[in-house]
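One file, my_file.txt, is given below (compact mmCIF, C-alpha atoms).
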# COMPACT_ATOMS: atom_id res chain seq x y z
CA MET A 1 135.91 112.42 110.29
CA LEU A 2 139.59 112.86 111.23
CA LYS A 3 139.69 116.17 109.33
CA SER A 4 136.73 117.58 111.22
CA ALA A 5 138.13 116.32 114.56
CA LEU A 6 141.40 118.08 113.72
CA LYS A 7 139.54 121.29 112.84
CA ALA A 8 137.62 121.09 116.14
CA PHE A 9 140.90 120.55 118.05
CA VAL A 10 142.60 123.54 116.37
CA LEU A 11 139.57 125.65 117.14
CA PHE A 12 139.55 124.47 120.76
CA VAL A 13 143.21 125.54 121.14
CA LEU A 14 142.43 128.90 119.50
CA ILE A 15 139.48 129.56 121.80
CA ALA A 16 141.50 128.53 124.85
CA ALA A 17 144.28 130.92 123.75
CA THR A 18 141.84 133.82 123.30
CA ALA A 19 140.26 133.08 126.70
CA TYR A 20 143.78 133.19 128.18
CA LEU A 21 144.30 136.61 126.54
CA ALA A 22 140.97 137.87 127.88
CA PHE A 23 141.92 136.77 131.41
CA TYR A 24 145.63 137.62 131.57
CA TYR A 25 146.58 139.98 128.72
CA ALA A 26 143.62 142.38 128.79
CA PRO A 27 143.82 144.75 131.78
CA ILE A 28 141.23 144.72 134.55
CA GLU A 29 138.65 147.46 133.98
CA LYS A 30 138.75 150.13 136.71
CA SER A 31 135.09 150.64 137.61
CA MET A 32 133.71 147.08 137.23
CA GLY A 33 136.77 145.03 138.07
CA VAL A 34 137.28 141.46 136.92
CA ILE A 35 133.57 140.88 136.10
CA GLN A 36 134.04 143.02 132.95
CA LYS A 37 135.96 140.07 131.43
CA ILE A 38 132.59 138.47 130.62
CA PHE A 39 132.34 141.24 128.00
CA TYR A 40 134.74 139.43 125.60
CA LEU A 41 132.54 136.33 125.45
CA HIS A 42 129.20 138.15 125.67
CA ILE A 43 129.75 140.71 122.88
CA SER A 44 131.59 138.27 120.59
CA CYS A 45 128.72 135.78 120.88
CA ALA A 46 126.16 138.54 120.24
CA PHE A 47 127.93 139.64 117.03
CA SER A 48 128.33 136.00 115.93
CA ALA A 49 124.62 135.42 116.55
CA PHE A 50 123.84 138.44 114.34
CA VAL A 51 126.06 136.96 111.60
CA ALA A 52 124.23 133.62 111.91
CA PHE A 53 120.77 135.23 111.80
CA GLY A 54 121.91 137.37 108.85
CA THR A 55 122.93 134.15 107.06
CA CYS A 56 119.54 132.66 107.92
CA PHE A 57 117.83 135.77 106.48
CA TYR A 58 119.89 135.42 103.27
CA GLY A 59 118.95 131.72 103.00
CA ASN A 60 115.27 132.50 103.58
CA LEU A 61 115.19 135.28 100.97
CA ARG A 62 117.04 133.09 98.51
CA TYR A 63 114.59 130.24 99.07
CA VAL A 64 111.57 132.50 98.53
CA PHE A 65 112.97 133.70 95.18
CA THR A 66 114.63 130.54 93.87
CA ARG A 67 113.00 127.60 95.75
CA GLU A 68 116.40 125.90 95.95
CA PRO A 69 116.37 123.34 98.79
CA LYS A 70 120.00 124.18 99.61
CA ALA A 71 118.95 127.75 100.50
CA ASP A 72 116.50 126.26 103.01
CA TRP A 73 119.24 124.00 104.41
CA LEU A 74 121.48 127.05 104.92
CA ALA A 75 118.67 129.00 106.60
CA VAL A 76 117.72 126.31 109.11
CA SER A 77 121.36 125.54 109.89
CA ALA A 78 122.14 129.20 110.54
CA ALA A 79 118.99 129.62 112.67
CA GLU A 80 119.96 126.73 114.94
CA VAL A 81 123.59 127.83 115.27
CA GLY A 82 122.47 131.43 115.90
CA LEU A 83 120.18 130.16 118.64
CA ALA A 84 123.17 128.46 120.33
CA PHE A 85 125.12 131.76 120.24
CA ILE A 86 122.21 133.87 121.48
CA SER A 87 121.70 131.35 124.32
CA VAL A 88 125.27 132.06 125.46
CA VAL A 89 124.47 135.80 125.34
CA LEU A 90 121.30 135.27 127.40
CA VAL A 91 123.17 133.19 129.99
CA SER A 92 126.36 135.28 130.28
CA GLY A 93 124.47 138.61 130.47
CA PRO A 94 122.63 137.87 133.74
CA ILE A 95 125.83 136.39 135.27
CA TRP A 96 127.47 139.78 134.58
CA ALA A 97 124.40 141.79 135.66
CA HIS A 98 123.96 140.20 139.09
CA PRO A 99 127.13 141.59 140.73
CA VAL A 100 127.05 144.86 138.74
CA TRP A 101 123.34 145.80 138.88
CA GLY A 102 122.31 143.73 141.90
CA ILE A 103 119.65 141.94 139.79
CA TRP A 104 119.85 139.07 137.32
CA TRP A 105 117.43 140.52 134.80
CA THR A 106 115.39 143.61 133.93
CA TRP A 107 112.85 144.05 131.15
CA ASP A 108 114.61 146.96 129.43
CA ALA A 109 114.50 147.34 125.64
CA ARG A 110 117.82 145.62 124.85
CA LEU A 111 117.31 142.63 127.14
CA THR A 112 113.67 142.14 126.20
CA LEU A 113 114.35 142.35 122.45
CA THR A 114 117.25 139.89 122.77
CA PHE A 115 115.03 137.48 124.68
CA VAL A 116 112.34 137.88 121.99
CA LEU A 117 115.01 137.22 119.33
CA GLY A 118 115.81 133.89 120.96
CA LEU A 119 112.09 133.05 121.16
CA LEU A 120 111.54 133.98 117.51
CA TYR A 121 114.24 131.61 116.25
CA LEU A 122 113.08 128.90 118.63
CA SER A 123 109.59 129.34 117.13
CA TYR A 124 111.14 129.15 113.64
CA LEU A 125 112.59 125.72 114.49
CA LEU A 126 109.35 124.56 116.16
CA LEU A 127 107.34 125.67 113.13
CA ARG A 128 109.56 123.52 110.91
CA SER A 129 109.06 120.50 113.12
CA MET A 130 105.28 120.82 112.74
CA ILE A 131 105.12 120.78 108.91
CA GLU A 132 105.87 117.46 107.21
CA GLU A 133 105.68 118.40 103.53
CA PRO A 134 109.23 119.65 102.61
CA ASP A 135 108.29 122.46 100.14
CA LYS A 136 105.55 123.83 102.35
CA ARG A 137 107.84 123.62 105.41
CA ALA A 138 110.62 125.47 103.62
CA LEU A 139 108.34 128.24 102.30
CA PHE A 140 106.42 128.86 105.54
CA SER A 141 109.58 128.88 107.64
CA ALA A 142 111.35 131.15 105.11
CA LEU A 143 108.55 133.70 105.40
CA PHE A 144 108.58 133.45 109.19
CA GLY A 145 112.40 133.70 109.19
CA ILE A 146 112.31 136.91 107.16
CA PHE A 147 109.90 138.37 109.72
CA ALA A 148 112.04 137.12 112.65
CA PHE A 149 115.13 138.86 111.28
CA LEU A 150 113.43 142.25 111.73
CA ASP A 151 114.25 141.94 115.43
CA VAL A 152 118.04 141.90 114.78
CA PRO A 153 118.38 145.62 113.88
CA LEU A 154 115.99 146.43 116.74
CA VAL A 155 118.29 144.60 119.19
CA TYR A 156 121.36 146.33 117.76
CA PHE A 157 119.96 149.86 117.79
CA SER A 158 117.90 149.55 120.99
CA ILE A 159 120.68 150.98 123.19
CA ARG A 160 121.13 153.87 120.73
CA TRP A 161 117.43 154.67 120.31
CA TRP A 162 116.12 154.22 123.85
CA ARG A 163 117.33 154.78 127.40
CA THR A 164 118.23 151.35 128.73
CA GLN A 165 119.80 149.86 131.82
CA HIS A 166 122.05 147.90 129.48
CA PRO A 167 125.42 149.70 129.02
CA GLN A 168 125.79 152.10 126.09
CA PRO A 169 127.74 150.87 123.02
CA VAL A 170 131.48 150.40 123.49
CA ILE A 171 132.11 148.98 120.00
CA LEU A 172 131.10 151.34 117.15
CA GLY A 173 129.67 153.73 119.72
CA GLY A 174 129.74 157.51 119.74
CA PRO A 175 132.54 159.87 120.80
CA GLY A 176 134.22 158.79 124.02
CA SER A 177 133.45 155.11 123.47
CA GLY A 178 136.02 152.51 122.45
CA LEU A 179 138.37 150.00 124.01
CA GLU A 180 141.84 150.17 125.51
CA PRO A 181 144.25 148.68 122.86
CA ARG A 182 144.93 145.40 124.75
CA MET A 183 141.21 144.98 125.41
CA ARG A 184 140.54 145.58 121.69
CA VAL A 185 143.08 142.92 120.65
CA SER A 186 141.59 140.42 123.12
CA TYR A 187 138.07 141.18 121.95
CA LEU A 188 138.91 140.93 118.24
CA LEU A 189 140.77 137.63 118.69
CA MET A 190 137.91 136.21 120.74
CA TRP A 191 135.44 137.23 118.06
CA GLY A 192 137.70 135.72 115.37
CA ALA A 193 137.87 132.40 117.26
CA LEU A 194 134.11 132.37 117.80
CA THR A 195 133.55 133.14 114.11
CA GLY A 196 135.67 130.04 113.40
CA LEU A 197 133.42 128.08 115.75
CA LEU A 198 130.37 129.53 113.98
CA ILE A 199 131.68 128.33 110.59
CA LEU A 200 132.50 124.86 112.00
CA LEU A 201 129.06 124.45 113.57
CA LEU A 202 127.30 125.87 110.52
CA SER A 203 129.08 123.52 108.12
CA ALA A 204 128.37 120.49 110.36
CA ARG A 205 124.71 121.48 110.68
CA TYR A 206 124.42 122.06 106.91
CA LYS A 207 125.78 118.54 106.26
CA LEU A 208 123.18 117.21 108.70
CA GLU A 209 120.41 118.92 106.76
CA GLY A 210 121.74 117.36 103.54
CA LEU A 211 121.60 113.92 105.17
CA ARG A 212 118.06 114.61 106.38
CA ALA A 213 117.00 115.46 102.81
CA SER A 214 118.62 112.21 101.56
CA VAL A 215 116.67 110.23 104.18
CA GLU A 216 113.40 111.90 103.13
CA ASP A 217 114.12 111.12 99.44
CA LEU A 218 115.01 107.49 100.19
CA ARG A 219 111.90 107.05 102.36
CA ARG A 220 109.71 108.42 99.57
CA GLU A 221 111.38 106.06 97.11
CA ALA A 222 110.79 103.14 99.48
CA GLU A 223 107.12 104.11 99.86
CA VAL A 224 106.58 104.27 96.08
CA ARG A 225 107.80 100.69 95.67
CA MET B 226 139.71 138.49 143.09
CA LYS B 227 136.11 139.60 143.60
CA ASN B 228 133.58 138.08 141.14
CA LEU B 229 136.14 135.77 139.52
CA ASP B 230 133.77 132.86 140.19
CA SER B 231 131.04 134.65 138.16
CA VAL B 232 133.44 135.18 135.25
CA LEU B 233 134.47 131.51 135.31
CA ALA B 234 130.81 130.45 135.54
CA ALA B 235 129.92 132.56 132.48
CA TYR B 236 132.78 131.13 130.38
CA LEU B 237 132.09 127.56 131.51
CA ALA B 238 128.37 127.92 130.76
CA GLY B 239 129.20 129.35 127.32
CA TRP B 240 131.58 126.54 126.40
CA ALA B 241 129.14 123.96 127.81
CA ILE B 242 126.35 125.27 125.54
CA PHE B 243 128.61 125.00 122.46
CA PHE B 244 129.93 121.59 123.48
CA VAL B 245 126.45 120.14 124.08
CA TYR B 246 125.23 121.60 120.77
CA TYR B 247 128.21 120.13 118.86
CA ILE B 248 127.60 116.71 120.45
CA SER B 249 123.90 116.95 119.57
CA VAL B 250 124.71 117.73 115.91
CA SER B 251 127.24 114.84 115.77
CA GLN B 252 124.76 112.38 117.29
CA ARG B 253 121.95 113.40 114.93
CA MET B 254 124.36 113.10 112.01
CA GLY B 255 125.42 109.61 113.10
CA ALA B 256 121.78 108.50 113.39
CA LEU B 257 120.94 109.90 109.94
CA ARG B 258 124.00 108.22 108.35
CA GLU B 259 122.82 104.88 109.76
CA GLU B 260 119.32 105.55 108.45
CA VAL B 261 120.66 106.36 104.96
CA GLU B 262 122.62 103.09 104.95
CA ARG B 263 119.60 101.12 106.19
CA LEU B 264 117.31 102.59 103.53
CA LYS B 265 119.87 102.08 100.76
CA THR B 266 120.29 98.43 101.77
CA MET B 267 116.53 97.98 101.92
CA LEU B 268 116.07 99.53 98.46
CA SER B 269 118.91 97.55 96.87
CA LYS B 270 117.44 94.31 98.31
CA GLY B 271 114.09 95.28 96.80
CA LYS B 272 115.70 95.76 93.37
CA SER B 273 117.41 92.33 93.31

Rewrite the structure from the file as structure tokens, please.
Amino acid sequence: MLKSALKAFVLFVLIAATAYLAFYYAPIEKSMGVIQKIFYLHISCAFSAFVAFGTCFYGNLRYVFTREPKADWLAVSAAEVGLAFISVVLVSGPIWAHPVWGIWWTWDARLTLTFVLGLLYLSYLLLRSMIEEPDKRALFSALFGIFAFLDVPLVYFSIRWWRTQHPQPVILGGPGSGLEPRMRVSYLLMWGALTGLLILLLSARYKLEGLRASVEDLRREAEVR
Amino acid sequence: MKNLDSVLAAYLAGWAIFFVYYISVSQRMGALREEVERLKTMLSKGKS
């Protein structure tokens, strides 16, 4: 308990430090002004969400081939944590868009596919809550999770494949894209800190799933008696 | 600075989402730990 509280505290300090860098070390972008500083949180959370959904995809595939309960625990944990990260993306995006575009939201390819991504993983969690039998729940949700992951590359490539209102890629974009060095440092540190948060949340959520499995086993044992 | 309030709102909303999620995981974990203990006690009483 003390160890995890200490980890959470260290992470809190790290995130606060990276937020300080984003606000005071990174220069103010010329065309957008201070509102561009949302970028550091928004993009870092989007990439972390992709990592979480990728982990969920790995867990789902592994479950389908091995039927190991721990693969299912990993998948559901990553789905829930990924949903938290994508929620931050879906909240911070409109806060940036309102002063820059004059609207909170538009149904362009990137925004719509990101919204659908959130809905898909929410459905994944709802599906699990509707099936009581553990093996059936794990298999059905694994198959659904594999399908849901197909949206991740669509979200990533949407701004490369289609004309969108969403800005063109700055990270790993084409010629002429890229970040000013201090912006790059701030962005990378923010992403590093958020990856730490992702690992902390994922490990806590995985432990929770282990406890849930223990409760189900003990209940079954109590019913048999 | 123009739009500074929007930037602060975005960061606060982001941290709030993570904080609430972390609290939710901790609470669910606490409830499950209690349930494990309760069931173990119940089963051990049944054995004796």

For chain A, work out the contacting residues on chain B at 8 Å, counting only C-alpha atoms, and write them as a PyMOL selection string. chain B and resi 226-229+231-232+234-236+238-239+242-243+246-247+250-251+253-254+257-258+260-261+264-265+268

Same residues, C-alpha atoms, saved as a compact mmCIF listing (two decimals), in the frame of the given file:
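As written to disk, again_18.txt reads:
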# COMPACT_ATOMS: atom_id res chain seq x y z
CA MET B 226 139.71 138.49 143.09
CA LYS B 227 136.11 139.60 143.60
CA ASN B 228 133.58 138.08 141.14
CA LEU B 229 136.14 135.77 139.52
CA SER B 231 131.04 134.65 138.16
CA VAL B 232 133.44 135.18 135.25
CA ALA B 234 130.81 130.45 135.54
CA ALA B 235 129.92 132.56 132.48
CA TYR B 236 132.78 131.13 130.38
CA ALA B 238 128.37 127.92 130.76
CA GLY B 239 129.20 129.35 127.32
CA ILE B 242 126.35 125.27 125.54
CA PHE B 243 128.61 125.00 122.46
CA TYR B 246 125.23 121.60 120.77
CA TYR B 247 128.21 120.13 118.86
CA VAL B 250 124.71 117.73 115.91
CA SER B 251 127.24 114.84 115.77
CA ARG B 253 121.95 113.40 114.93
CA MET B 254 124.36 113.10 112.01
CA LEU B 257 120.94 109.90 109.94
CA ARG B 258 124.00 108.22 108.35
CA GLU B 260 119.32 105.55 108.45
CA VAL B 261 120.66 106.36 104.96
CA LEU B 264 117.31 102.59 103.53
CA LYS B 265 119.87 102.08 100.76
CA LEU B 268 116.07 99.53 98.46

Measuring between only C-alpha atoms, which one of A:Leu83, A:Ala109, A:Ala193, A:Ala26 shows the shortest distance to Trp162 of chain A? A:Ala109

Have a look at A:Leu202, A:Leu188, A:Ala16, A:Leu122 and name the one nearest to Ser77 of chain A; count all atoms listed in the file.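 For Ser77 of chain A, the nearest of the candidates is A:Leu202.
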
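Atom to atom, atom CA of Gly145 of chain A and atom CA of Tyr121 of chain A stand 7.6 Å apart.
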
One-decimal distance in Å that lies between atom CA of Ile43 of chain A and atom CA of Thr18 of chain A: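 According to the coordinates, atom CA of Thr18 of chain A and atom CA of Ile43 of chain A are separated by 13.9 Å.
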
What's the separation between atom CA of Val116 of chain A and atom CA of Ala142 of chain A, in Å to one decimal place?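 These atoms are spaced 18.2 Å apart.
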
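In terms of minimum interatomic distance to Ser44 of chain A, A:Ala22 ranks closest within A:Leu143, A:Ala78, A:Ala22, A:Cys56, counting all atoms listed in the file.
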
Ranking A:Pro169, A:Arg160, A:Arg220, A:Phe115 by minimum distance to Pro134 of chain A and counting all atoms listed in the file, which one comes first? A:Arg220

Polymer residues at most 9 Å from (117.5, 124.8, 103.2) by all atoms listed in the file, as a PyMOL selection string: chain A and resi 59-60+63+68-77+138+206+209-210

Shell of 10 Å around Tyr156 of chain A, all atoms listed in the file, local chain residues under 2 positions omitted, as a ChimeraX atom specification: /A:46-47,50,110,113-114,151-154,158-161,169
